[in-house]
Structure formats: C-alpha cells, structure tokens
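Down below is the structure, laid out as structure tokens.
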Amino acid sequence: MKRLLTALLILATLGMIVWGLTRPLREDARWADLLEQTSDKTPIKRDVTVAGDDWLGYLVLRSPQFKYRMAQAGYRVNYTIEPAFDTRIEGLRDGRWDFVVITLDSYLLNGARHGWPGAVIFVIDESFGGDAIVGRENLGNIDDLNRPDSRGA
C-alpha cells in the first residue's frame, strides 16, 4: 500500500511539472485561436446585416456565441440598434439591412406603406398578455365571436 501511494505521489508530481512546463504552449495556442476567431483569417463568404433594438428577446442575435457560430459557417454578422420600427422596414426595403427583427404587429402596421419588403421567417418569442383580436365593426364584444357568422384567422 505504501508503494502504491508513493507511486501515485510521484506520478502526480510529474504531472504537475509537465502541466507547469507546458503552460506557455497552451497559452500561445489559446491566443492563436482567439486571434484566428477575431481576424479576417477565417474565410468569410458574406456579411449579414441585422437591425433591431436592444430588447432582451433579441439578445440571441447580438450574442458573441451567435456571431462565432455564424463566422464558423462563413458569415460575419453586424447587428445595428435601430429603435424605430418604420426605419427598420425602410432599411430592409432599400437594402441597408438583410434582416430585421420586429414585432409582427408593427410589421403589419408599417409594412404596407413600404410594399411588404420581407417575409416573416422565424418567430423568436410568443408573448402572453399582449395579444389582441381585431374584428369587424359588427363585433361589439368577445361573446359576438361565438356567433356562427363570425370568422377569424
């Protein structure tokens, strides 16, 4: 038992010595990896421009992890903070941005005057409590939706 303990202590000591001696090599490799990730050395096929605001739900599009994964696929993502919904849609129409993140109700409200320049391709969040039903004039209250002649979409 004493020999086994001695052998384990010697192996642990040798392991710590090797770990300490290789530290500069590991740090150099980590630095080279960081440099490669943040430089133009990675083959970028295309820049992708995205406009949105700083709402927490859009954090995924602004995150370093998203940018890193997109860069691995060959796309550099540039996220622009634009608080005005109308300006986002206008920028989508004129080619300033490739994608915009926007609430559906704002796209329905502002999209028509810009010729509906895009298509909804992904839903980020399904809110609860902010939903609404928009109906015709002859629907006076929610109970009128139970009538056989009322329809919805």
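Simple scheme: letters A, B, ... for chains in structure tokens order, numbers from 1 for residues in each chain, numbers from 1 for ligands in the order shown.
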Counting only C-alpha atoms, what is within 9 Å of Ile124 in chain A, bar same-chain residues fewer than 6 positions away, as a PyMOL selection string?
chain A and resi 57-58+101
If we count only C-alpha atoms, what is near Gly111 in chain A at a cut-off of 9 Å, once residues fewer than 5 positions away on the same chain are taken out, given as a ChimeraX atom specification?
/A:86,89-90,106,116-118
So that I have them on file, write out the residues from the current selection with N, CA and C atoms, as a PDB file, in the first residue's frame.
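And here's part.pdb as it stands now:
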ATOM      1  N   ASP A  86     -40.434  51.708 -38.198  1.00  0.00           N
ATOM      2  CA  ASP A  86     -40.597  52.164 -39.574  1.00  0.00           C
ATOM      3  C   ASP A  86     -39.255  52.266 -40.292  1.00  0.00           C
ATOM      4  N   ILE A  89     -38.021  48.782 -41.328  1.00  0.00           N
ATOM      5  CA  ILE A  89     -38.675  48.263 -42.534  1.00  0.00           C
ATOM      6  C   ILE A  89     -38.168  48.996 -43.766  1.00  0.00           C
ATOM      7  N   GLU A  90     -37.988  50.291 -43.653  1.00  0.00           N
ATOM      8  CA  GLU A  90     -37.444  51.086 -44.761  1.00  0.00           C
ATOM      9  C   GLU A  90     -36.044  50.599 -45.130  1.00  0.00           C
ATOM     10  N   SER A 106     -46.143  45.451 -35.551  1.00  0.00           N
ATOM     11  CA  SER A 106     -45.507  46.611 -36.161  1.00  0.00           C
ATOM     12  C   SER A 106     -45.258  46.370 -37.648  1.00  0.00           C
ATOM     13  N   TRP A 116     -44.323  45.795 -48.289  1.00  0.00           N
ATOM     14  CA  TRP A 116     -44.036  44.494 -47.665  1.00  0.00           C
ATOM     15  C   TRP A 116     -42.690  43.948 -48.143  1.00  0.00           C
ATOM     16  N   PRO A 117     -41.580  44.561 -47.762  1.00  0.00           N
ATOM     17  CA  PRO A 117     -40.274  44.218 -48.325  1.00  0.00           C
ATOM     18  C   PRO A 117     -39.678  42.884 -47.873  1.00  0.00           C
ATOM     19  N   GLY A 118     -40.310  42.192 -46.950  1.00  0.00           N
ATOM     20  CA  GLY A 118     -39.733  40.938 -46.481  1.00  0.00           C
ATOM     21  C   GLY A 118     -40.809  39.953 -46.095  1.00  0.00           C
TER      22      GLY A 118
END
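If you measure from each of A:Arg23, A:Arg62, A:Arg69, A:Arg76 to Asp47 in chain A using only C-alpha atoms, the closest one turns out to be A:Arg76.
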Separation of CA of Pro148 in chain A from CA of Leu109 in chain A in Å:
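Rounded to one decimal, the two atoms are 28.9 Å apart.
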Do a neighbour search on Ala119 in chain A at 12 Å with only C-alpha atoms, toss out local chain neighbours closer than 6 positions, and write the hits as a ChimeraX atom specification.
/A:89,92-93,98-102,104,107-108,111
If you run DSSP over the backbone, which residues in range 1-74 of chain A end up strand (DSSP E or B)? Put them as JSON, numbers by chain.
{"A": [46, 47, 48, 49, 50, 51, 52]}
Choose the residue, out of A:Thr49, A:Leu14, A:Asp105, A:Leu61, that has the smallest atom-to-atom separation from Val120 in chain A; count only C-alpha atoms.
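Among the listed residues, the smallest separation from Val120 in chain A belongs to A:Asp105.
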Using only C-alpha atoms, find the one residue out of A:Leu21, A:Ile81, A:Leu11, A:Ala29 that sits nearest to Trp55 in chain A.
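For Trp55 in chain A, the nearest of the candidates is A:Ile81.
Of the residues listed (A:Thr13, A:Gln72, A:Asn146, A:Asn110), A:Asn110 shows the shortest atom-to-atom separation from Ala84 in chain A; distances use only C-alpha atoms.
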